[in-house]
$ cat run.cif   # mmCIF, C-alpha atoms
data_entry
loop_
_atom_site.group_PDB
_atom_site.id
_atom_site.type_symbol
_atom_site.label_atom_id
_atom_site.label_comp_id
_atom_site.auth_asym_id
_atom_site.auth_seq_id
_atom_site.Cartn_x
_atom_site.Cartn_y
_atom_site.Cartn_z
ATOM 1 C CA ILE A 276 106.185 125.272 150.177
ATOM 2 C CA GLN A 277 108.912 123.455 148.208
ATOM 3 C CA GLY A 278 109.662 126.455 146.020
ATOM 4 C CA VAL A 279 111.243 126.136 142.577
ATOM 5 C CA HIS A 280 112.164 122.466 143.088
ATOM 6 C CA SER A 281 108.486 121.444 143.211
ATOM 7 C CA ALA A 282 108.063 122.482 139.584
ATOM 8 C CA VAL A 283 110.314 119.602 138.465
ATOM 9 C CA TRP A 284 107.500 117.160 139.292
ATOM 10 C CA ALA A 285 105.349 118.763 136.607
ATOM 11 C CA PHE A 286 107.381 117.034 133.868
ATOM 12 C CA PRO A 287 106.821 113.390 134.929
ATOM 13 C CA ALA A 288 103.203 114.353 135.644
ATOM 14 C CA LEU A 289 102.839 115.366 131.979
ATOM 15 C CA PHE A 290 104.109 111.985 130.798
ATOM 16 C CA ILE A 291 101.963 110.051 133.282
ATOM 17 C CA GLY A 292 98.880 111.972 132.151
ATOM 18 C CA TYR A 293 99.297 110.707 128.568
ATOM 19 C CA PHE A 294 99.710 107.121 129.788
ATOM 20 C CA VAL A 295 96.702 106.954 132.105
ATOM 21 C CA LEU A 296 94.186 109.299 130.428
ATOM 22 C CA PRO A 297 92.450 109.285 127.043
ATOM 23 C CA ARG A 298 94.189 111.523 124.514
ATOM 24 C CA ARG A 299 91.734 114.410 124.707
ATOM 25 C CA GLN A 300 91.674 114.417 128.515
ATOM 26 C CA ALA A 301 95.477 114.212 128.558
ATOM 27 C CA HIS A 302 95.621 117.331 126.378
ATOM 28 C CA GLY A 303 93.372 119.168 128.810
ATOM 29 C CA PHE A 304 95.359 117.976 131.819
ATOM 30 C CA GLY A 305 98.629 119.012 130.152
ATOM 31 C CA LEU A 306 97.389 122.509 129.353
ATOM 32 C CA PHE A 307 95.993 122.915 132.872
ATOM 33 C CA LEU A 308 99.298 121.797 134.374
ATOM 34 C CA LEU A 309 101.223 124.116 132.072
ATOM 35 C CA LEU A 310 99.201 127.172 133.074
ATOM 36 C CA ALA A 311 98.903 126.312 136.774
ATOM 37 C CA VAL A 312 102.588 125.570 137.324
ATOM 38 C CA SER A 313 103.639 128.619 135.288
ATOM 39 C CA ALA A 314 101.349 130.802 137.420
ATOM 40 C CA ALA A 315 102.824 129.308 140.582
ATOM 41 C CA MET A 316 106.352 129.933 139.295
ATOM 42 C CA LEU A 317 105.425 133.538 138.554
ATOM 43 C CA HIS A 318 104.618 133.918 142.217
ATOM 44 C CA ILE A 319 107.669 131.966 143.427
ATOM 45 C CA ALA A 320 110.465 132.918 141.002
ATOM 46 C CA GLY A 321 109.171 135.955 139.167
ATOM 47 C CA PRO A 322 108.542 136.540 135.444
ATOM 48 C CA ALA A 323 111.919 135.208 134.225
ATOM 49 C CA GLY A 324 111.556 131.902 136.041
ATOM 50 C CA ALA A 325 107.926 131.543 134.946
ATOM 51 C CA VAL A 326 108.824 132.143 131.282
ATOM 52 C CA ARG A 327 111.638 129.589 131.374
ATOM 53 C CA LEU A 328 109.412 126.968 132.963
ATOM 54 C CA PHE A 329 106.556 127.713 130.560
ATOM 55 C CA ALA A 330 108.878 127.315 127.554
ATOM 56 C CA ALA A 331 110.331 124.040 128.873
ATOM 57 C CA MET A 332 106.927 122.536 129.627
ATOM 58 C CA ALA A 333 105.460 123.698 126.307
ATOM 59 C CA LEU A 334 108.380 122.093 124.446
ATOM 60 C CA THR A 335 107.873 118.885 126.434
ATOM 61 C CA LEU A 336 104.174 118.833 125.567
ATOM 62 C CA ALA A 337 104.973 119.368 121.900
ATOM 63 C CA MET A 338 107.534 116.551 121.847
ATOM 64 C CA ILE A 339 105.160 114.170 123.639
ATOM 65 C CA ASN A 340 102.533 114.794 120.955
ATOM 66 C CA VAL A 341 105.056 114.406 118.125
ATOM 67 C CA VAL A 342 106.187 111.041 119.510
ATOM 68 C CA LEU A 343 102.591 109.882 120.063
ATOM 69 C CA GLY A 344 101.722 110.961 116.524
ATOM 70 C CA VAL A 345 104.576 108.923 115.060
ATOM 71 C CA ILE A 346 103.613 105.903 117.166
ATOM 72 C CA GLY A 347 99.998 106.247 116.044
ATOM 73 C CA GLU A 348 101.011 106.353 112.366
ATOM 74 C CA LEU A 349 103.165 103.259 112.824
ATOM 75 C CA GLN A 350 100.280 101.441 114.492
ATOM 76 C CA GLN A 351 97.956 102.345 111.621
ATOM 77 C CA ALA A 352 100.553 101.198 109.082
ATOM 78 C CA LEU A 353 100.954 97.860 110.873
ATOM 79 C CA LEU A 354 97.185 97.477 111.070
ATOM 80 C CA ARG A 355 96.801 98.148 107.343
ATOM 81 C CA GLN A 356 99.577 95.678 106.607
ATOM 82 C CA ALA A 357 97.873 93.014 108.733
ATOM 83 C CA HIS A 358 94.581 93.596 106.899
ATOM 84 C CA THR A 359 95.877 93.931 103.325
ATOM 85 C CA ASP A 360 96.536 91.294 100.693
ATOM 86 C CA PRO A 361 100.202 91.873 99.738
ATOM 87 C CA LEU A 362 99.797 90.939 96.061
ATOM 88 C CA THR A 363 96.756 92.963 95.035
ATOM 89 C CA GLY A 364 96.423 95.602 97.744
ATOM 90 C CA ALA A 365 92.820 94.550 98.396
ATOM 91 C CA TRP A 366 91.714 93.858 101.945
ATOM 92 C CA ASN A 367 92.347 90.284 103.110
ATOM 93 C CA ARG A 368 90.124 87.522 104.495
ATOM 94 C CA ARG A 369 90.810 88.415 108.126
ATOM 95 C CA TYR A 370 89.569 91.966 107.615
ATOM 96 C CA PHE A 371 86.600 90.685 105.609
ATOM 97 C CA ASP A 372 85.455 88.510 108.509
ATOM 98 C CA GLU A 373 85.742 91.473 110.874
ATOM 99 C CA GLN A 374 83.839 93.855 108.607
ATOM 100 C CA LEU A 375 81.137 91.332 107.716
ATOM 101 C CA ALA A 376 80.479 90.587 111.378
ATOM 102 C CA GLN A 377 80.354 94.289 112.165
ATOM 103 C CA ILE A 378 78.018 95.293 109.350
ATOM 104 C CA ALA A 379 75.783 92.292 109.978
ATOM 105 C CA ALA A 380 75.297 93.172 113.651
ATOM 106 C CA PRO A 381 71.618 93.967 114.351
ATOM 107 C CA PRO A 382 72.039 97.717 115.107
ATOM 108 C CA ALA A 383 73.995 98.247 111.879
ATOM 109 C CA ALA A 384 71.818 95.932 109.843
ATOM 110 C CA ALA A 385 68.595 97.654 110.797
ATOM 111 C CA ALA A 386 69.745 101.093 109.680
ATOM 112 C CA VAL A 387 70.281 100.665 105.924
ATOM 113 C CA PRO A 388 70.278 97.913 103.282
ATOM 114 C CA ASN A 389 73.587 96.327 102.323
ATOM 115 C CA ALA A 390 74.674 94.028 99.505
ATOM 116 C CA LEU A 391 77.429 91.470 99.043
ATOM 117 C CA LEU A 392 79.005 90.608 95.688
ATOM 118 C CA ALA A 393 81.123 87.452 95.348
ATOM 119 C CA LEU A 394 83.415 87.512 92.296
ATOM 120 C CA ASP A 395 85.480 84.701 90.795
ATOM 121 C CA ILE A 396 87.786 84.846 87.750
ATOM 122 C CA ASP A 397 86.735 82.248 85.193
ATOM 123 C CA HIS A 398 89.273 79.535 84.254
ATOM 124 C CA PHE A 399 92.016 81.202 86.273
ATOM 125 C CA LYS A 400 93.995 77.969 86.662
ATOM 126 C CA ALA A 401 94.243 77.729 82.884
ATOM 127 C CA ILE A 402 95.797 81.208 82.794
ATOM 128 C CA ASN A 403 98.484 80.138 85.249
ATOM 129 C CA ASP A 404 99.111 76.908 83.371
ATOM 130 C CA ARG A 405 99.293 78.558 79.959
ATOM 131 C CA HIS A 406 101.013 81.868 80.730
ATOM 132 C CA GLY A 407 102.722 81.319 84.072
ATOM 133 C CA HIS A 408 102.093 82.526 87.607
ATOM 134 C CA ALA A 409 103.576 85.974 86.952
ATOM 135 C CA THR A 410 100.872 86.597 84.363
ATOM 136 C CA GLY A 411 98.273 85.206 86.752
ATOM 137 C CA ASP A 412 99.429 87.663 89.406
ATOM 138 C CA ALA A 413 99.205 90.513 86.891
ATOM 139 C CA VAL A 414 95.634 89.504 86.061
ATOM 140 C CA LEU A 415 94.661 89.534 89.736
ATOM 141 C CA GLN A 416 96.168 92.991 90.160
ATOM 142 C CA ALA A 417 94.421 94.263 87.043
ATOM 143 C CA VAL A 418 91.048 92.979 88.234
ATOM 144 C CA VAL A 419 91.492 94.841 91.492
ATOM 145 C CA ARG A 420 92.405 98.041 89.634
ATOM 146 C CA LEU A 421 89.293 97.821 87.466
ATOM 147 C CA VAL A 422 87.012 97.155 90.419
ATOM 148 C CA ARG A 423 88.484 100.141 92.230
ATOM 149 C CA GLN A 424 87.754 102.339 89.213
ATOM 150 C CA ARG A 425 84.053 101.521 89.459
ATOM 151 C CA LYS A 426 83.403 101.076 93.173
ATOM 152 C CA ARG A 427 82.526 103.871 95.560
ATOM 153 C CA GLU A 428 84.870 104.979 98.305
ATOM 154 C CA SER A 429 82.618 103.384 100.908
ATOM 155 C CA ASP A 430 82.633 99.997 99.127
ATOM 156 C CA LEU A 431 85.159 97.471 100.408
ATOM 157 C CA LEU A 432 86.993 94.999 98.155
ATOM 158 C CA PHE A 433 88.443 91.840 99.701
ATOM 159 C CA ARG A 434 90.533 89.024 98.292
ATOM 160 C CA ILE A 435 89.320 85.955 100.169
ATOM 161 C CA GLY A 436 90.991 83.230 98.123
ATOM 162 C CA GLY A 437 93.262 82.628 95.140
ATOM 163 C CA GLU A 438 91.090 84.201 92.419
ATOM 164 C CA GLU A 439 88.081 84.898 94.635
ATOM 165 C CA PHE A 440 87.032 88.373 95.697
ATOM 166 C CA VAL A 441 84.152 89.891 97.608
ATOM 167 C CA LEU A 442 82.843 93.419 97.200
ATOM 168 C CA LEU A 443 80.914 94.682 100.206
ATOM 169 C CA LEU A 444 78.435 97.396 99.236
ATOM 170 C CA PRO A 445 77.139 99.247 102.306
ATOM 171 C CA ARG A 446 73.870 101.163 102.046
ATOM 172 C CA THR A 447 73.103 99.684 98.626
ATOM 173 C CA ARG A 448 69.824 98.201 97.496
ATOM 174 C CA LEU A 449 69.904 94.943 95.590
ATOM 175 C CA ASP A 450 68.832 96.409 92.238
ATOM 176 C CA ASP A 451 71.531 99.094 92.448
ATOM 177 C CA ALA A 452 74.116 96.470 93.383
ATOM 178 C CA ALA A 453 73.045 94.365 90.397
ATOM 179 C CA ARG A 454 73.722 97.293 88.068
ATOM 180 C CA VAL A 455 77.172 97.758 89.603
ATOM 181 C CA ALA A 456 77.904 94.046 89.194
ATOM 182 C CA GLU A 457 76.903 94.054 85.519
ATOM 183 C CA GLN A 458 79.020 97.131 84.854
ATOM 184 C CA LEU A 459 81.992 95.437 86.511
ATOM 185 C CA ARG A 460 81.456 92.255 84.505
ATOM 186 C CA GLN A 461 81.455 94.192 81.242
ATOM 187 C CA LEU A 462 84.394 96.355 82.275
ATOM 188 C CA ILE A 463 86.587 93.345 83.045
ATOM 189 C CA GLU A 464 85.495 91.484 79.895
ATOM 190 C CA GLN A 465 86.387 94.441 77.681
ATOM 191 C CA HIS A 466 89.937 94.961 78.972
ATOM 192 C CA GLU A 467 93.148 93.097 78.226
ATOM 193 C CA LEU A 468 94.414 92.471 81.738
ATOM 194 C CA ALA A 469 97.864 91.230 80.690
ATOM 195 C CA PRO A 470 99.573 91.028 77.283
ATOM 196 C CA GLY A 471 97.417 88.706 75.203
ATOM 197 C CA VAL A 472 95.180 87.790 78.149
ATOM 198 C CA ARG A 473 91.506 88.591 78.516
ATOM 199 C CA VAL A 474 89.327 87.104 81.218
ATOM 200 C CA THR A 475 85.725 86.985 82.288
ATOM 201 C CA VAL A 476 84.282 86.829 85.762
ATOM 202 C CA SER A 477 81.308 85.145 87.370
ATOM 203 C CA MET A 478 79.471 86.931 90.191
ATOM 204 C CA GLY A 479 76.980 86.051 92.870
ATOM 205 C CA LEU A 480 74.989 88.805 94.537
ATOM 206 C CA SER A 481 73.015 88.661 97.763
ATOM 207 C CA ALA A 482 71.145 91.150 99.905
ATOM 208 C CA GLN A 483 71.643 91.286 103.621
ATOM 209 C CA PRO A 484 69.167 88.884 105.250
ATOM 210 C CA VAL A 485 66.613 90.160 107.704
ATOM 211 C CA ALA A 486 68.067 87.875 110.365
ATOM 212 C CA SER A 487 71.457 89.575 109.840
ATOM 213 C CA ASP A 488 73.336 86.275 109.966
ATOM 214 C CA ALA A 489 76.756 87.020 108.451
ATOM 215 C CA GLN A 490 77.515 83.460 107.396
ATOM 216 C CA ALA A 491 74.087 82.968 105.841
ATOM 217 C CA TRP A 492 74.570 86.204 103.913
ATOM 218 C CA LEU A 493 77.938 85.048 102.564
ATOM 219 C CA ALA A 494 76.617 81.564 101.821
ATOM 220 C CA ALA A 495 73.801 83.049 99.722
ATOM 221 C CA ALA A 496 76.326 85.005 97.641
ATOM 222 C CA ASP A 497 78.449 81.870 97.225
ATOM 223 C CA ARG A 498 75.475 79.827 96.048
ATOM 224 C CA ALA A 499 74.620 82.502 93.511
ATOM 225 C CA LEU A 500 78.243 82.525 92.337
ATOM 226 C CA TYR A 501 78.291 78.760 91.812
ATOM 227 C CA GLU A 502 75.002 79.019 89.957
ATOM 228 C CA ALA A 503 76.608 81.606 87.660
ATOM 229 C CA LYS A 504 79.463 79.188 86.981
ATOM 230 C CA ARG A 505 77.131 76.277 86.325
ATOM 231 C CA GLY A 506 75.117 78.486 83.989
ATOM 232 C CA GLY A 507 78.070 79.084 81.681
ATOM 233 C CA ARG A 508 80.185 81.666 83.549
ATOM 234 C CA ASN A 509 80.655 85.340 82.643
ATOM 235 C CA ARG A 510 77.376 86.341 84.240
ATOM 236 C CA VAL A 511 75.815 87.814 87.377
ATOM 237 C CA VAL A 512 73.338 85.775 89.397
ATOM 238 C CA THR A 513 71.316 87.278 92.229
ATOM 239 C CA ALA A 514 70.474 85.060 95.171
ATOM 240 C CA ALA A 515 66.801 84.388 95.667
ATOM 241 C CA GLY A 516 65.279 86.341 98.504
#

$ encode --input "run.cif" --output "C-alpha cells"
Amino acid sequence: IQGVHSAVWAFPALFIGYFVLPRRQAHGFGLFLLLAVSAAMLHIAGPAGAVRLFAAMALTLAMINVVLGVIGELQQALLRQAHTDPLTGAWNRRYFDEQLAQIAAPPAAAAVPNALLALDIDHFKAINDRHGHATGDAVLQAVVRLVRQRKRESDLLFRIGGEEFVLLLPRTRLDDAARVAEQLRQLIEQHELAPGVRVTVSMGLSAQPVASDAQAWLAAADRALYEAKRGGRNRVVTAAG
C-alpha cells in the first residue's frame, strides 16, 4: 500500500531484531526480512529497485555483524583481563572462586572425578629479600611457564595469593593427579628460574569430596599443603579421604 517508501522501515527493523532477539534468531529474522522485502520490491519497483534494495540491506546486515563481532571480541578481552593475574598470566582468585563453585555443583560433580592441587613456593620471602622483588616476579612467572608446559589444556592454573597457586584438574583421578604433582615438583626443582635462583615447591592434593562442598575441597588441599611444609617442604602430600 505504501509503495517504495515502506521498504525504508526494513532497515530499523534489522537493527531492532539484533537488540531484542538472540543472535541466531536475529540472523534468521534478518535473512527473512531481506528476502521478503526484496520480493515485495520486485513486485512494486521491478528488478532494478529490488536489486538495489537487496544490496543495501545485505550490506547493512554485514556491517551489523561486523560491529557485533568487534564488540564481542572486546567483551571477551575485558573478561579475560578481569579474570587474569597481570604479573603471571595465570587466572586470578576471582575466576578461581567462580570455577570452583561451578565444578563443585552437584550435577557437575556427579559426572566425573576432579582433583585440586595447591602449590606454594618454598621460602619465597627469602628470595625477595636476597635478590629483590624483580627476581621474585621472574620466579613467579617461570613457575607458571613450567606448570603450563606440563598441564593439560583442560587444567586451570590460578594464582590465589603472593606465591600461592592452585591447579584445578577436571576429570582426573587422585592417583593420576598425584603423578602430575610429583612431575611438576621435580620439573620446578630441576630448573633455574632466574639467574642464580633455584626454588622448590610444596603441594597439597585433594580429591573432590562426595558432598561437593567447594570450600571443604579447598580446605582439604590447604591442610595437605601445610602438612607438606611442616614435613620439610619440597614434597607432595595428598589429603586423607

$ resolve_selection --input "run.cif" --expression "the PyMOL selection byres ((chain A and resi 419) around 10)" --output "MDAnalysis selection string"
chainID A and resid 363:365 413:418 420:424 432:434 440 463

$ resolve_selection --input "run.cif" --expression "the PyMOL selection byres ((chain A and resi 474) around 9)" --output "PDB file with C-alpha atoms, in the frame of the given file"
ATOM      1  CA  ILE A 396      87.786  84.846  87.750  1.00  0.00           C
ATOM      2  CA  ASP A 397      86.735  82.248  85.193  1.00  0.00           C
ATOM      3  CA  HIS A 398      89.273  79.535  84.254  1.00  0.00           C
ATOM      4  CA  PHE A 399      92.016  81.202  86.273  1.00  0.00           C
ATOM      5  CA  ILE A 402      95.797  81.208  82.794  1.00  0.00           C
ATOM      6  CA  VAL A 414      95.634  89.504  86.061  1.00  0.00           C
ATOM      7  CA  ILE A 463      86.587  93.345  83.045  1.00  0.00           C
ATOM      8  CA  GLU A 464      85.495  91.484  79.895  1.00  0.00           C
ATOM      9  CA  GLN A 465      86.387  94.441  77.681  1.00  0.00           C
ATOM     10  CA  HIS A 466      89.937  94.961  78.972  1.00  0.00           C
ATOM     11  CA  GLU A 467      93.148  93.097  78.226  1.00  0.00           C
ATOM     12  CA  LEU A 468      94.414  92.471  81.738  1.00  0.00           C
ATOM     13  CA  VAL A 472      95.180  87.790  78.149  1.00  0.00           C
ATOM     14  CA  ARG A 473      91.506  88.591  78.516  1.00  0.00           C
ATOM     15  CA  THR A 475      85.725  86.985  82.288  1.00  0.00           C
ATOM     16  CA  VAL A 476      84.282  86.829  85.762  1.00  0.00           C
ATOM     17  CA  ASN A 509      80.655  85.340  82.643  1.00  0.00           C
TER      18      ASN A 509
END

$ resolve_selection --input "run.cif" --expression "the PyMOL selection byres ((chain A and resi 284-297) around 10)" --output "JSON, numbers by chain"
{"A": [280, 281, 282, 283, 298, 299, 300, 301, 302, 303, 304, 305, 306, 308, 309, 311, 312, 328, 331, 332, 335, 336, 339, 340, 343]}

$ write_last_selection --input "run.cif" --atoms "C-alpha atoms" --output "PDB file, keeping the file's coordinate frame"
ATOM      1  CA  HIS A 280     112.164 122.466 143.088  1.00  0.00           C
ATOM      2  CA  SER A 281     108.486 121.444 143.211  1.00  0.00           C
ATOM      3  CA  ALA A 282     108.063 122.482 139.584  1.00  0.00           C
ATOM      4  CA  VAL A 283     110.314 119.602 138.465  1.00  0.00           C
ATOM      5  CA  ARG A 298      94.189 111.523 124.514  1.00  0.00           C
ATOM      6  CA  ARG A 299      91.734 114.410 124.707  1.00  0.00           C
ATOM      7  CA  GLN A 300      91.674 114.417 128.515  1.00  0.00           C
ATOM      8  CA  ALA A 301      95.477 114.212 128.558  1.00  0.00           C
ATOM      9  CA  HIS A 302      95.621 117.331 126.378  1.00  0.00           C
ATOM     10  CA  GLY A 303      93.372 119.168 128.810  1.00  0.00           C
ATOM     11  CA  PHE A 304      95.359 117.976 131.819  1.00  0.00           C
ATOM     12  CA  GLY A 305      98.629 119.012 130.152  1.00  0.00           C
ATOM     13  CA  LEU A 306      97.389 122.509 129.353  1.00  0.00           C
ATOM     14  CA  LEU A 308      99.298 121.797 134.374  1.00  0.00           C
ATOM     15  CA  LEU A 309     101.223 124.116 132.072  1.00  0.00           C
ATOM     16  CA  ALA A 311      98.903 126.312 136.774  1.00  0.00           C
ATOM     17  CA  VAL A 312     102.588 125.570 137.324  1.00  0.00           C
ATOM     18  CA  LEU A 328     109.412 126.968 132.963  1.00  0.00           C
ATOM     19  CA  ALA A 331     110.331 124.040 128.873  1.00  0.00           C
ATOM     20  CA  MET A 332     106.927 122.536 129.627  1.00  0.00           C
ATOM     21  CA  THR A 335     107.873 118.885 126.434  1.00  0.00           C
ATOM     22  CA  LEU A 336     104.174 118.833 125.567  1.00  0.00           C
ATOM     23  CA  ILE A 339     105.160 114.170 123.639  1.00  0.00           C
ATOM     24  CA  ASN A 340     102.533 114.794 120.955  1.00  0.00           C
ATOM     25  CA  LEU A 343     102.591 109.882 120.063  1.00  0.00           C
TER      26      LEU A 343
END

$ atom_distance --input "run.cif" --atom1 "atom CA of Tyr501 of chain A" --atom2 "atom CA of Asp395 of chain A"
9.4 Å

$ closest_residue --input "run.cif" --among "A:Leu500, A:Val279, A:Leu443, A:Ala495" --to "Ile319 of chain A" --atoms "all atoms listed in the file"
A:Val279

$ residues_around --input "run.cif" --residues "Asp430 of chain A" --least-positions-apart "3" --cutoff "7 Å" --atoms "only C-alpha atoms" --output "PyMOL selection string"
chain A and resi 426-427+442-445

$ write_last_selection --input "run.cif" --atoms "C-alpha atoms" --output "PDB file, keeping the file's coordinate frame"
ATOM      1  CA  LYS A 426      83.403 101.076  93.173  1.00  0.00           C
ATOM      2  CA  ARG A 427      82.526 103.871  95.560  1.00  0.00           C
ATOM      3  CA  LEU A 442      82.843  93.419  97.200  1.00  0.00           C
ATOM      4  CA  LEU A 443      80.914  94.682 100.206  1.00  0.00           C
ATOM      5  CA  LEU A 444      78.435  97.396  99.236  1.00  0.00           C
ATOM      6  CA  PRO A 445      77.139  99.247 102.306  1.00  0.00           C
TER       7      PRO A 445
END

$ closest_residue --input "run.cif" --among "A:Thr513, A:Gln490, A:Thr359, A:Arg508" --to "Leu375 of chain A" --atoms "all atoms listed in the file"
A:Gln490

$ atom_distance --input "run.cif" --atom1 "atom CA of Met478 of chain A" --atom2 "atom CA of Leu459 of chain A"
9.6 Å

$ atom_distance --input "run.cif" --atom1 "atom CA of Pro470 of chain A" --atom2 "atom CA of Val441 of chain A"
25.5 Å

$ closest_atom_pairs --input "run.cif" --of "segment 361-462 of chain A" --to "segment 479-485 of chain A" --cutoff "7 Å" --atoms "all atoms listed in the file" --output "Markdown table"
| residue | atom | partner | partner_atom | distance |
| --- | --- | --- | --- | --- |
| A:Pro388 | CA | A:Gln483 | CA | 6.8 |
| A:Asn389 | CA | A:Gln483 | CA | 5.6 |
| A:Ala390 | CA | A:Ala482 | CA | 4.6 |
| A:Leu391 | CA | A:Ser481 | CA | 5.4 |
| A:Leu392 | CA | A:Leu480 | CA | 4.6 |
| A:Ala393 | CA | A:Gly479 | CA | 5.0 |
| A:Leu394 | CA | A:Gly479 | CA | 6.6 |
| A:Leu449 | CA | A:Ala482 | CA | 5.9 |

$ residues_around --input "run.cif" --residues "segment 348-358 of chain A" --least-positions-apart "4" --cutoff "12 Å" --atoms "only C-alpha atoms" --output "list in words"
Val341, Val342, Leu343, Gly344, Leu362, Gly364, Ala365, Trp366, Asn367, Arg368, Arg369, Tyr370, Phe371, Asp372, Glu373, Gln374, Leu432, Phe433, Arg434 and Ile435 of chain A

$ write_last_selection --input "run.cif" --atoms "C-alpha atoms" --output "PDB file, in the frame of the given file"
ATOM      1  CA  VAL A 341     105.056 114.406 118.125  1.00  0.00           C
ATOM      2  CA  VAL A 342     106.187 111.041 119.510  1.00  0.00           C
ATOM      3  CA  LEU A 343     102.591 109.882 120.063  1.00  0.00           C
ATOM      4  CA  GLY A 344     101.722 110.961 116.524  1.00  0.00           C
ATOM      5  CA  LEU A 362      99.797  90.939  96.061  1.00  0.00           C
ATOM      6  CA  GLY A 364      96.423  95.602  97.744  1.00  0.00           C
ATOM      7  CA  ALA A 365      92.820  94.550  98.396  1.00  0.00           C
ATOM      8  CA  TRP A 366      91.714  93.858 101.945  1.00  0.00           C
ATOM      9  CA  ASN A 367      92.347  90.284 103.110  1.00  0.00           C
ATOM     10  CA  ARG A 368      90.124  87.522 104.495  1.00  0.00           C
ATOM     11  CA  ARG A 369      90.810  88.415 108.126  1.00  0.00           C
ATOM     12  CA  TYR A 370      89.569  91.966 107.615  1.00  0.00           C
ATOM     13  CA  PHE A 371      86.600  90.685 105.609  1.00  0.00           C
ATOM     14  CA  ASP A 372      85.455  88.510 108.509  1.00  0.00           C
ATOM     15  CA  GLU A 373      85.742  91.473 110.874  1.00  0.00           C
ATOM     16  CA  GLN A 374      83.839  93.855 108.607  1.00  0.00           C
ATOM     17  CA  LEU A 432      86.993  94.999  98.155  1.00  0.00           C
ATOM     18  CA  PHE A 433      88.443  91.840  99.701  1.00  0.00           C
ATOM     19  CA  ARG A 434      90.533  89.024  98.292  1.00  0.00           C
ATOM     20  CA  ILE A 435      89.320  85.955 100.169  1.00  0.00           C
TER      21      ILE A 435
END

$ closest_residue --input "run.cif" --among "A:Ala314, A:Val512, A:Ile378, A:Ala320" --to "Arg454 of chain A" --atoms "all atoms listed in the file"
A:Val512

$ closest_residue --input "run.cif" --among "A:Ala337, A:Ser429, A:Gly347, A:Leu317" --to "Thr447 of chain A" --atoms "only C-alpha atoms"
A:Ser429

$ build_atoms --input "run.cif" --residues "segment 466-482 of chain A" --atoms "N, CA and C atoms" --output "PDB file, in the frame of the given file"
ATOM      1  N   HIS A 466      88.545  94.546  78.831  1.00  0.00           N
ATOM      2  CA  HIS A 466      89.937  94.961  78.972  1.00  0.00           C
ATOM      3  C   HIS A 466      90.897  93.779  78.834  1.00  0.00           C
ATOM      4  N   GLU A 467      92.049  94.064  78.248  1.00  0.00           N
ATOM      5  CA  GLU A 467      93.148  93.097  78.226  1.00  0.00           C
ATOM      6  C   GLU A 467      93.926  93.286  79.524  1.00  0.00           C
ATOM      7  N   LEU A 468      93.873  92.314  80.394  1.00  0.00           N
ATOM      8  CA  LEU A 468      94.414  92.471  81.738  1.00  0.00           C
ATOM      9  C   LEU A 468      95.910  92.186  81.812  1.00  0.00           C
ATOM     10  N   ALA A 469      96.426  91.485  80.836  1.00  0.00           N
ATOM     11  CA  ALA A 469      97.864  91.230  80.690  1.00  0.00           C
ATOM     12  C   ALA A 469      98.093  91.038  79.191  1.00  0.00           C
ATOM     13  N   PRO A 470      99.329  91.161  78.722  1.00  0.00           N
ATOM     14  CA  PRO A 470      99.573  91.028  77.283  1.00  0.00           C
ATOM     15  C   PRO A 470      98.997  89.727  76.725  1.00  0.00           C
ATOM     16  N   GLY A 471      98.032  89.865  75.824  1.00  0.00           N
ATOM     17  CA  GLY A 471      97.417  88.706  75.203  1.00  0.00           C
ATOM     18  C   GLY A 471      96.451  87.946  76.078  1.00  0.00           C
ATOM     19  N   VAL A 472      96.051  88.508  77.198  1.00  0.00           N
ATOM     20  CA  VAL A 472      95.180  87.790  78.149  1.00  0.00           C
ATOM     21  C   VAL A 472      93.924  88.609  78.426  1.00  0.00           C
ATOM     22  N   ARG A 473      92.799  88.036  78.131  1.00  0.00           N
ATOM     23  CA  ARG A 473      91.506  88.591  78.516  1.00  0.00           C
ATOM     24  C   ARG A 473      90.788  87.558  79.383  1.00  0.00           C
ATOM     25  N   VAL A 474      90.036  88.023  80.330  1.00  0.00           N
ATOM     26  CA  VAL A 474      89.327  87.104  81.218  1.00  0.00           C
ATOM     27  C   VAL A 474      87.888  87.555  81.363  1.00  0.00           C
ATOM     28  N   THR A 475      87.089  86.658  81.881  1.00  0.00           N
ATOM     29  CA  THR A 475      85.725  86.985  82.288  1.00  0.00           C
ATOM     30  C   THR A 475      85.582  86.624  83.764  1.00  0.00           C
ATOM     31  N   VAL A 476      84.526  87.120  84.355  1.00  0.00           N
ATOM     32  CA  VAL A 476      84.282  86.829  85.762  1.00  0.00           C
ATOM     33  C   VAL A 476      82.845  86.389  85.957  1.00  0.00           C
ATOM     34  N   SER A 477      82.642  85.543  86.939  1.00  0.00           N
ATOM     35  CA  SER A 477      81.308  85.145  87.370  1.00  0.00           C
ATOM     36  C   SER A 477      81.048  85.791  88.722  1.00  0.00           C
ATOM     37  N   MET A 478      79.793  86.211  88.958  1.00  0.00           N
ATOM     38  CA  MET A 478      79.471  86.931  90.191  1.00  0.00           C
ATOM     39  C   MET A 478      78.185  86.403  90.799  1.00  0.00           C
ATOM     40  N   GLY A 479      78.183  86.375  92.115  1.00  0.00           N
ATOM     41  CA  GLY A 479      76.980  86.051  92.870  1.00  0.00           C
ATOM     42  C   GLY A 479      76.651  87.195  93.803  1.00  0.00           C
ATOM     43  N   LEU A 480      75.408  87.628  93.787  1.00  0.00           N
ATOM     44  CA  LEU A 480      74.989  88.805  94.537  1.00  0.00           C
ATOM     45  C   LEU A 480      73.912  88.419  95.537  1.00  0.00           C
ATOM     46  N   SER A 481      74.044  88.929  96.754  1.00  0.00           N
ATOM     47  CA  SER A 481      73.015  88.661  97.763  1.00  0.00           C
ATOM     48  C   SER A 481      72.768  89.907  98.605  1.00  0.00           C
ATOM     49  N   ALA A 482      71.515  90.066  98.997  1.00  0.00           N
ATOM     50  CA  ALA A 482      71.145  91.150  99.905  1.00  0.00           C
ATOM     51  C   ALA A 482      71.320  90.684 101.335  1.00  0.00           C
TER      52      ALA A 482
END
